[in-house]
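Colleague: One structure follows; several queries about it will come next.
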Amino acid sequence: MDGAAYWLPVIWGVILAAAIMIYIVLDGFDLGIGILFAFERRRDSRDIMVNTIAPVWDGNETWMVFGGAVLYGVFPGAYSTLLPALYLPVVTMLLALIFRGVAFEFRVLTRIGAGSRSTFWDFGFMAGSVIVAFCQGAIVGGVIQGVSTTEGSFSGGPIDWLTPFSVLCGVSVVLGYALLGACWLIWRTEGALQQHCRVWALPLALTLLACIVAVSIWTTQLHAPYLRRWIAWPNIMIVAPVPILVGVLTVIFMWGLRNRHHITPFLCTLGLFFLSFSGLGITVWPHAVPPGLTLWDVSSPPSSQAFELVGTAILLPVILAYTVYSYRVFRGKVTAADSYH
Amino acid sequence: MVSTATALLLARFQFAFTVGFHIVFPAFSIGLAAYLAVLEGTWLKTGRQVYLDLYQYWLKVFSIVFAMGVVSGLVMSYEFGTNWSVFSRKAGPITGVLLSYEVMTAFFLEAGFLGVMLFGMNKVGRGLHFAATCLVSLGTLISMTWILASNSWMQTPRGYMIEPGTGRFLPADWLAIIFNPSFPFRLLHMGLAAFLSVAFVVGATAAGHMLAARRRGERASEPVRVMFSMAMWMATIVAPLQLVAGDMHGLNTLEHQPAKIAAMEGDWTSEDHAPELLFGIPNMKTEHTDYAVGIPLLGSLILTHSLDGKVPGMKDFPAQDRPPSYVIFFTFRIMVALGMAMIGMGLWSLILRRRGQIYDSAGLHRAAVVMAPVGFVALLCGWVTTEVGRQPWTVYGLLRTENSVSPIMLPSMALTMTAFVVVYFFVFGSGLILLVRMLRHAPQTGEQGPSTDNSTSVLGARSHPHELPGHDTPHGSGPA
């Protein structure tokens with residue numbers, strides 16, 4: 001394989017992984033806030049929760065559109081295999097995203113006349129967020145456990161993805177996003193709501209850790225190469241820091257939570273997500289559609305990848321810059337005084 | 001075989017259904033964002049409060065429309081893969097790349113500055129806030145450009161090579177791909193359609209408030225009058241321009257997709273003195289248009305700009321390559337008829353404007369209310385005409401629709417189709433009800449603008465676009 005045909009898919013694999021990671025972080029706390037509606041019943045608290053993300057959620061969701069577009073343009077072989085294979089969870093997720101996105105806007109709008117409540121749309125925001133999070137986890141699980149392909153096309157059944165493993169992955173992501181949302185709110189709010197989030201964060205973190213351990217061990221049992229990746233020499237030297245860092249971050253998380261830090265728990269949770277995601281990447285590399293198709297099998301021709309890379313190299317830094325700007329405009333604690341009802 | 005054919009039909013119906021809902025929102029956003037940029041710019045230039053009032057009023061609508069556009073568009077970016085996996089594998093190296101550019105140059109820009117536009121009134125200065133509005137508007141236009149480049153490439157493909165063995169489309173010349181022959185006409189036609197659609201919604205809103213004011217024996221407020229006047233100027237100027245753009249697009253289609261023209265016209269045999277059919281029922285089986293009523297020679301005149309120009313007939317093409325005429329014969333005629341009605345509305349308003357009666361004619365206002373949805377209906381009809389007219393191809397002349405579909409089982413497809421219909425009608429139906437409810441409130445006067453001083457109190461600093469007129473608002477609205 002010549003240079004460009006080898007390296008372009010690798011570079012794009014890294015960009016795509018980064019985009020997915022950014023999406024997980026940004027829409028993760030949005031979704032987490034929706035999930036936490038299950039615990040927070042007070043309307044004024046819910047309003048504050050929603051206000052912390054109102055100016056940025058459209059941008060957060062765009063990373064998911066970007067992920068789909070990159071997969072379509074750069075790895076069309078993966079796009080056209082994974083989406084039919086994961087058809088039901090993908091469509092369910094998209095429908096839930098619609099429901100959640102509009103519920104987010106409508107819950108404020110439907111309050112015409114004092115005292116009327118928009119419990120229906122609040123419920124829609126919560127249920128939509130839970131379903132989206134679960135489907136995302138199930139989709140990741142479905143990819144890791146493998147997709148049947150024949151000559152580069154999906155050749156399995158409509159519910160192949162549904163296994164105990166993918167269900168566990170779905171539950172883990174729901175818990176993970178809920179924790180991310182709670183930690184985001186610890187950072188961005190104060191008073192009673194912040195206190196509630198501190199209370200929720202501890203059990204969420206403990207159950208999430210149990211899930212991370214379970215998923216990690218289970219993953220190595222799915223395919224023999226997965227296990228070899230983690231225990232064979234010299235790989236073990238490179239991968240050993242991942243579980244060790246998970247332990248270190250957990251300790252810092254507990255310390256930050258106990259000492260009432262505002263941002264430490266959030267940063268530690270981000271770290272946990274990053275490590276878990278990296279662990280999955282290490283496990284499946286270099287497969288785009290395990291167990292059969294590698295990054296190179298599913299790639300666009302170098303001419304497509306190169307053309308898209310030129311634009312991405314220029315545009316992605318600009319996008320990141322104004323995204324940071326937008327977050328800076330709306331920085332600081334959000335309180336009931338910022339509310340409008 | 002039956003189940004394969006049904007699955008294909010469902011895949012097509014599902015895609016048409018979801019994209020049909022979706023297309024309304026970006027078109028709405030394109031027109032409304034440009035309107036908002038004009039309003040804010042005019043306010044900054046003239047300092048007249050009325051423009052700021054209108055800006056705040058339509059900004060609330062924009063936030064809802066934009067959110068519905070984002071979530072329905074998200075579906076589209078994955079549906080190429082779920083429903084058309086063979087198409088995406090083969091054409092992804094071209095269409096997927098164009099879509100990625102759309103996301104990077106447009107979607108992020110819109111979403112990134114939308115927050116500042118909606119909530120940043122008192123957090124950034126006037127200049128920066130106006131810049132945010134302009135960037136959001138620019139984003140909607142860039143988005144339209146890329147998606148129409150991609151769609152036009154599927155209609156009139158250029159600049160590609162077909163990879164032997166795999167049948168993949170490989171990019172050979174990106175400029176030829178983007179600036180394919182039908183792209184400029186489609187871009188112009190769609191852009192004008194978006195502006196017109198929004199103009200008629202804005203005009204209908206203003207007209208409704210003028211009628212309400214008349215019932216109360218009052219004169220409509222200044223924002224309502226300005227809103228109506230601007231919308232009617234748009235109709236007066238842009239509706240005739242759209243006729244010219246549509247004519248140019250038609251000539252282009254005749255050159256590159258003659259089978260589509262034959263199906264739109266319901267013509268079966270190629271003629272050089274072709275009539276223009278006003279009505280008829282094209283029958284694909286008997287190869288005849290029943291109950292045809294036409295005007296002699298007009299078909300040749302419209303399509304070729306000469307009385308004896310040769311117009312194609314569907315029998316020029318093999319039966320398996322003909323688009324289904326019975327759909328697009330009607331959608332095309334509805335689009336044209338609504339276009340004529342829009343031109344008529346513009347002229348009517350112009351005449352009344354010259355007589356100084358534009359704010360006093362109940363007839364004009366009632367007509368304007370009735371005309372509220374015509375822009376969107378015409379847009380959808382035009383979209384059906386062009387997309388169904390592309391059949392039976394996904395990439396015109398090169399890749400058939402039946403060879404583009406995903407290996408999805410019929411039960412899954414039927415299940416998700418039902419879910420899409422239920423969720424879309426419920427969610428977007430609720431959205432429509434909320435929008436109408438919002439628009440029933442007249443615009444308030446005395447809205448607060450972005451401060452020139454960044455140290456304003458926290459209170460009101462995050463004024464929400466959703467606060468409804470009549471509510472206590474943090475920045476205290478004046479009397480309506």
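Residue numbering restarts at 1 in every chain; chains get A, B, ... in the order shown in the structure tokens, and ligands count up from 1 in that same order.
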Contacts of segment 125-137 of chain A at 10 Å or less, counting only C-alpha atoms, minus same-chain residues fewer than 2 places along, as a PDB file with C-alpha atoms, in the first residue's frame?

Modeller:
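And here's part-v4.pdb as it stands now:
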```pdb
ATOM      1  CA  ILE A  24     -19.821  12.403  23.653  1.00  0.00           C
ATOM      2  CA  ASP A  27     -23.968  16.214  24.053  1.00  0.00           C
ATOM      3  CA  GLY A  28     -23.224  13.850  26.936  1.00  0.00           C
ATOM      4  CA  ASP A  30     -26.895  17.727  27.635  1.00  0.00           C
ATOM      5  CA  LEU A  31     -28.343  14.230  27.631  1.00  0.00           C
ATOM      6  CA  GLY A  32     -27.316  13.774  31.251  1.00  0.00           C
ATOM      7  CA  ILE A  33     -29.358  16.817  32.223  1.00  0.00           C
ATOM      8  CA  GLY A  34     -32.362  15.241  30.535  1.00  0.00           C
ATOM      9  CA  ILE A  35     -31.779  11.957  32.357  1.00  0.00           C
ATOM     10  CA  LEU A  36     -31.499  13.798  35.691  1.00  0.00           C
ATOM     11  CA  PHE A  37     -34.991  15.226  35.163  1.00  0.00           C
ATOM     12  CA  ALA A  38     -36.029  11.821  36.508  1.00  0.00           C
ATOM     13  CA  PHE A  39     -34.607  12.857  39.902  1.00  0.00           C
ATOM     14  CA  LEU A  86     -27.821  -1.145  13.460  1.00  0.00           C
ATOM     15  CA  LEU A  88     -33.385  -0.316  14.575  1.00  0.00           C
ATOM     16  CA  PRO A  89     -31.288   1.294  17.348  1.00  0.00           C
ATOM     17  CA  VAL A  90     -30.151   4.059  14.966  1.00  0.00           C
ATOM     18  CA  VAL A  91     -33.689   4.962  13.895  1.00  0.00           C
ATOM     19  CA  THR A  92     -34.907   4.731  17.488  1.00  0.00           C
ATOM     20  CA  MET A  93     -32.099   7.061  18.565  1.00  0.00           C
ATOM     21  CA  LEU A  94     -32.898   9.551  15.808  1.00  0.00           C
ATOM     22  CA  LEU A  95     -36.593   9.601  16.701  1.00  0.00           C
ATOM     23  CA  ALA A  96     -35.727  10.044  20.377  1.00  0.00           C
ATOM     24  CA  LEU A  97     -33.348  12.882  19.471  1.00  0.00           C
ATOM     25  CA  ILE A  98     -36.196  14.608  17.636  1.00  0.00           C
ATOM     26  CA  PHE A  99     -38.457  14.187  20.610  1.00  0.00           C
ATOM     27  CA  ARG A 100     -35.871  15.420  23.051  1.00  0.00           C
ATOM     28  CA  GLY A 101     -34.772  18.352  20.903  1.00  0.00           C
ATOM     29  CA  VAL A 102     -38.230  19.784  20.457  1.00  0.00           C
ATOM     30  CA  ALA A 103     -39.329  18.952  24.008  1.00  0.00           C
ATOM     31  CA  PHE A 104     -36.381  21.082  25.144  1.00  0.00           C
ATOM     32  CA  GLU A 105     -37.795  24.075  23.237  1.00  0.00           C
ATOM     33  CA  PHE A 106     -41.477  23.361  23.749  1.00  0.00           C
ATOM     34  CA  ARG A 107     -41.385  22.890  27.517  1.00  0.00           C
ATOM     35  CA  THR A 119     -45.037  18.174  32.499  1.00  0.00           C
ATOM     36  CA  PHE A 120     -45.638  16.387  29.216  1.00  0.00           C
ATOM     37  CA  TRP A 121     -42.688  17.999  27.456  1.00  0.00           C
ATOM     38  CA  ASP A 122     -40.561  17.658  30.596  1.00  0.00           C
ATOM     39  CA  PHE A 123     -41.292  13.955  30.457  1.00  0.00           C
ATOM     40  CA  ILE A 139     -24.838   0.886  19.026  1.00  0.00           C
ATOM     41  CA  VAL A 140     -21.280   1.004  20.369  1.00  0.00           C
ATOM     42  CA  GLY A 141     -21.780  -2.433  21.915  1.00  0.00           C
ATOM     43  CA  GLY A 142     -23.205  -3.728  18.648  1.00  0.00           C
ATOM     44  CA  VAL A 143     -20.139  -2.520  16.754  1.00  0.00           C
ATOM     45  CA  SER A 166     -25.024  -4.418  24.012  1.00  0.00           C
ATOM     46  CA  VAL A 167     -27.719  -3.925  26.652  1.00  0.00           C
ATOM     47  CA  LEU A 168     -25.026  -3.572  29.322  1.00  0.00           C
ATOM     48  CA  CYS A 169     -23.249  -1.021  27.115  1.00  0.00           C
ATOM     49  CA  GLY A 170     -26.534   0.879  26.774  1.00  0.00           C
ATOM     50  CA  VAL A 171     -27.078   0.969  30.525  1.00  0.00           C
ATOM     51  CA  SER A 172     -23.471   2.074  31.074  1.00  0.00           C
ATOM     52  CA  VAL A 173     -23.865   5.030  28.745  1.00  0.00           C
ATOM     53  CA  VAL A 174     -27.097   6.110  30.456  1.00  0.00           C
ATOM     54  CA  LEU A 175     -25.273   6.059  33.810  1.00  0.00           C
ATOM     55  CA  GLY A 176     -22.207   7.758  32.340  1.00  0.00           C
ATOM     56  CA  TYR A 177     -24.180  10.614  30.796  1.00  0.00           C
ATOM     57  CA  ALA A 178     -26.175  11.067  33.991  1.00  0.00           C
TER      58      ALA A 178
END
```

Colleague: Can you pull out every residue within 12 Å of Leu301 of chain B, counting only C-alpha atoms, but drop anything in the same chain fewer than 4 positions away, and send it as a list in words?

Modeller: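 Once the adjacent positions are removed, what remains is Asp247, Leu251, Asp272, His273, Ala274, Pro275, Glu276, Ile295, Pro296, Leu297, His305, Ser306, Leu307, Asp308, Gly309, Lys310 and Val311 of chain B.
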
Colleague: With C-alpha atoms retained, write the just-selected residues as a PDB file, in the first residue's frame.

Modeller:
```pdb
ATOM      1  CA  ASP B 247     -38.103  29.230 -16.800  1.00  0.00           C
ATOM      2  CA  LEU B 251     -34.625  25.073 -20.196  1.00  0.00           C
ATOM      3  CA  ASP B 272     -42.329  20.355 -32.747  1.00  0.00           C
ATOM      4  CA  HIS B 273     -45.575  22.307 -32.260  1.00  0.00           C
ATOM      5  CA  ALA B 274     -46.379  21.020 -28.785  1.00  0.00           C
ATOM      6  CA  PRO B 275     -49.398  22.249 -26.821  1.00  0.00           C
ATOM      7  CA  GLU B 276     -49.204  23.068 -23.114  1.00  0.00           C
ATOM      8  CA  ILE B 295     -53.365  25.400 -25.276  1.00  0.00           C
ATOM      9  CA  PRO B 296     -51.887  24.856 -28.752  1.00  0.00           C
ATOM     10  CA  LEU B 297     -48.235  25.793 -29.351  1.00  0.00           C
ATOM     11  CA  HIS B 305     -38.954  29.896 -26.487  1.00  0.00           C
ATOM     12  CA  SER B 306     -40.097  29.307 -30.073  1.00  0.00           C
ATOM     13  CA  LEU B 307     -43.454  28.206 -31.542  1.00  0.00           C
ATOM     14  CA  ASP B 308     -42.034  25.240 -33.414  1.00  0.00           C
ATOM     15  CA  GLY B 309     -39.426  24.050 -30.917  1.00  0.00           C
ATOM     16  CA  LYS B 310     -39.139  20.299 -30.511  1.00  0.00           C
ATOM     17  CA  VAL B 311     -40.474  18.994 -27.199  1.00  0.00           C
TER      18      VAL B 311
END
```

Colleague: List the neighbours of Arg214 of chain B out to 10 Å using only C-alpha atoms; skip same-chain residues closer than 5 positions along the sequence, and give me the result as a list in words.

Modeller: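 Counting only C-alpha atoms, the residues come to Gly208, His209, Arg219, Ala220, Asp360 and Ala362 of chain B.
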
Colleague: Have a look at A:Ala288, A:Ile53, A:Ile186, A:Ile11 and name the one nearest to chain B; count only C-alpha atoms.

Modeller: A:Ile53

Colleague: Please return, as a PyMOL selection string, all residues of segment 84-277 of chain B that DSSP assigns to strand (DSSP E or B) on the basis of the backbone.

Modeller: chain B and resi 160-162+169-171+271+276-277

Colleague: Any idea what's packed within 8 Å of segment 54-58 of chain B, counting only C-alpha atoms, ignoring anything in its chain fewer than 5 positions away? Could you give it as a tab-separated table (two decimals) with all heavy atoms, in the first residue's frame?

Modeller:
```tsv
chain	number	residue	atom	x	y	z
B	32	LEU	N	-35.89	33.33	6.96
B	32	LEU	CA	-36.07	34.07	8.21
B	32	LEU	C	-34.75	34.67	8.70
B	32	LEU	O	-34.71	35.80	9.19
B	32	LEU	CB	-36.68	33.14	9.26
B	32	LEU	CG	-37.50	33.78	10.38
B	32	LEU	CD1	-38.49	34.78	9.82
B	32	LEU	CD2	-38.24	32.70	11.16
B	36	LEU	N	-34.07	38.51	9.46
B	36	LEU	CA	-33.59	39.00	10.76
B	36	LEU	C	-32.34	39.86	10.58
B	36	LEU	O	-32.19	40.89	11.24
B	36	LEU	CB	-33.29	37.82	11.69
B	36	LEU	CG	-34.52	37.08	12.22
B	36	LEU	CD1	-34.12	35.79	12.93
B	36	LEU	CD2	-35.30	37.98	13.18
B	39	LEU	N	-33.45	43.15	9.35
B	39	LEU	CA	-34.11	43.93	10.41
B	39	LEU	C	-33.10	44.52	11.38
B	39	LEU	O	-33.15	45.70	11.72
B	39	LEU	CB	-35.09	43.03	11.18
B	39	LEU	CG	-36.39	42.66	10.47
B	39	LEU	CD1	-37.14	41.61	11.27
B	39	LEU	CD2	-37.26	43.89	10.24
B	40	GLU	N	-32.15	43.68	11.81
B	40	GLU	CA	-31.18	44.20	12.79
B	40	GLU	C	-30.29	45.25	12.15
B	40	GLU	O	-29.98	46.28	12.77
B	40	GLU	CB	-30.34	43.06	13.39
B	40	GLU	CG	-29.52	43.55	14.59
B	40	GLU	CD	-28.80	42.43	15.34
B	40	GLU	OE1	-28.64	41.33	14.77
B	40	GLU	OE2	-28.39	42.68	16.48
B	223	PRO	N	-45.15	48.23	14.02
B	223	PRO	CA	-44.43	47.02	13.61
B	223	PRO	C	-45.24	46.16	12.65
B	223	PRO	O	-44.69	45.59	11.71
B	223	PRO	CB	-44.21	46.28	14.94
B	223	PRO	CG	-44.26	47.33	15.97
B	223	PRO	CD	-45.21	48.36	15.47
B	227	MET	N	-44.03	45.27	8.93
B	227	MET	CA	-43.90	43.85	8.60
B	227	MET	C	-44.65	43.55	7.30
B	227	MET	O	-44.13	42.89	6.40
B	227	MET	CB	-44.52	43.05	9.76
B	227	MET	CG	-44.05	41.62	9.87
B	227	MET	SD	-45.17	40.60	10.86
B	227	MET	CE	-45.22	41.38	12.42
B	443	PRO	N	-46.70	41.69	17.69
B	443	PRO	CA	-45.37	42.07	18.16
B	443	PRO	C	-45.49	43.17	19.20
B	443	PRO	O	-46.36	44.03	19.09
B	443	PRO	CB	-44.66	42.55	16.91
B	443	PRO	CG	-45.67	42.64	15.84
B	443	PRO	CD	-46.88	41.88	16.26
B	444	GLN	N	-44.61	43.11	20.19
B	444	GLN	CA	-44.62	44.14	21.21
B	444	GLN	C	-43.79	45.31	20.74
B	444	GLN	O	-42.88	45.15	19.93
B	444	GLN	CB	-44.01	43.59	22.49
B	444	GLN	CG	-44.71	42.35	22.95
B	444	GLN	CD	-44.75	42.25	24.44
B	444	GLN	OE1	-43.79	42.58	25.12
B	444	GLN	NE2	-45.86	41.83	24.96
B	447	GLU	N	-39.12	46.80	22.55
B	447	GLU	CA	-38.20	45.72	22.91
B	447	GLU	C	-36.80	46.28	23.15
B	447	GLU	O	-36.40	47.26	22.54
B	447	GLU	CB	-38.13	44.69	21.77
B	447	GLU	CG	-39.43	43.94	21.53
B	447	GLU	CD	-39.49	42.65	22.32
B	447	GLU	OE1	-38.65	42.47	23.22
B	447	GLU	OE2	-40.39	41.85	22.04
B	465	PRO	N	-35.48	33.70	24.27
B	465	PRO	CA	-36.30	34.05	23.11
B	465	PRO	C	-37.70	33.50	23.22
B	465	PRO	O	-38.56	33.83	22.43
B	465	PRO	CB	-35.56	33.39	21.96
B	465	PRO	CG	-34.90	32.23	22.57
B	465	PRO	CD	-34.52	32.67	23.96
```
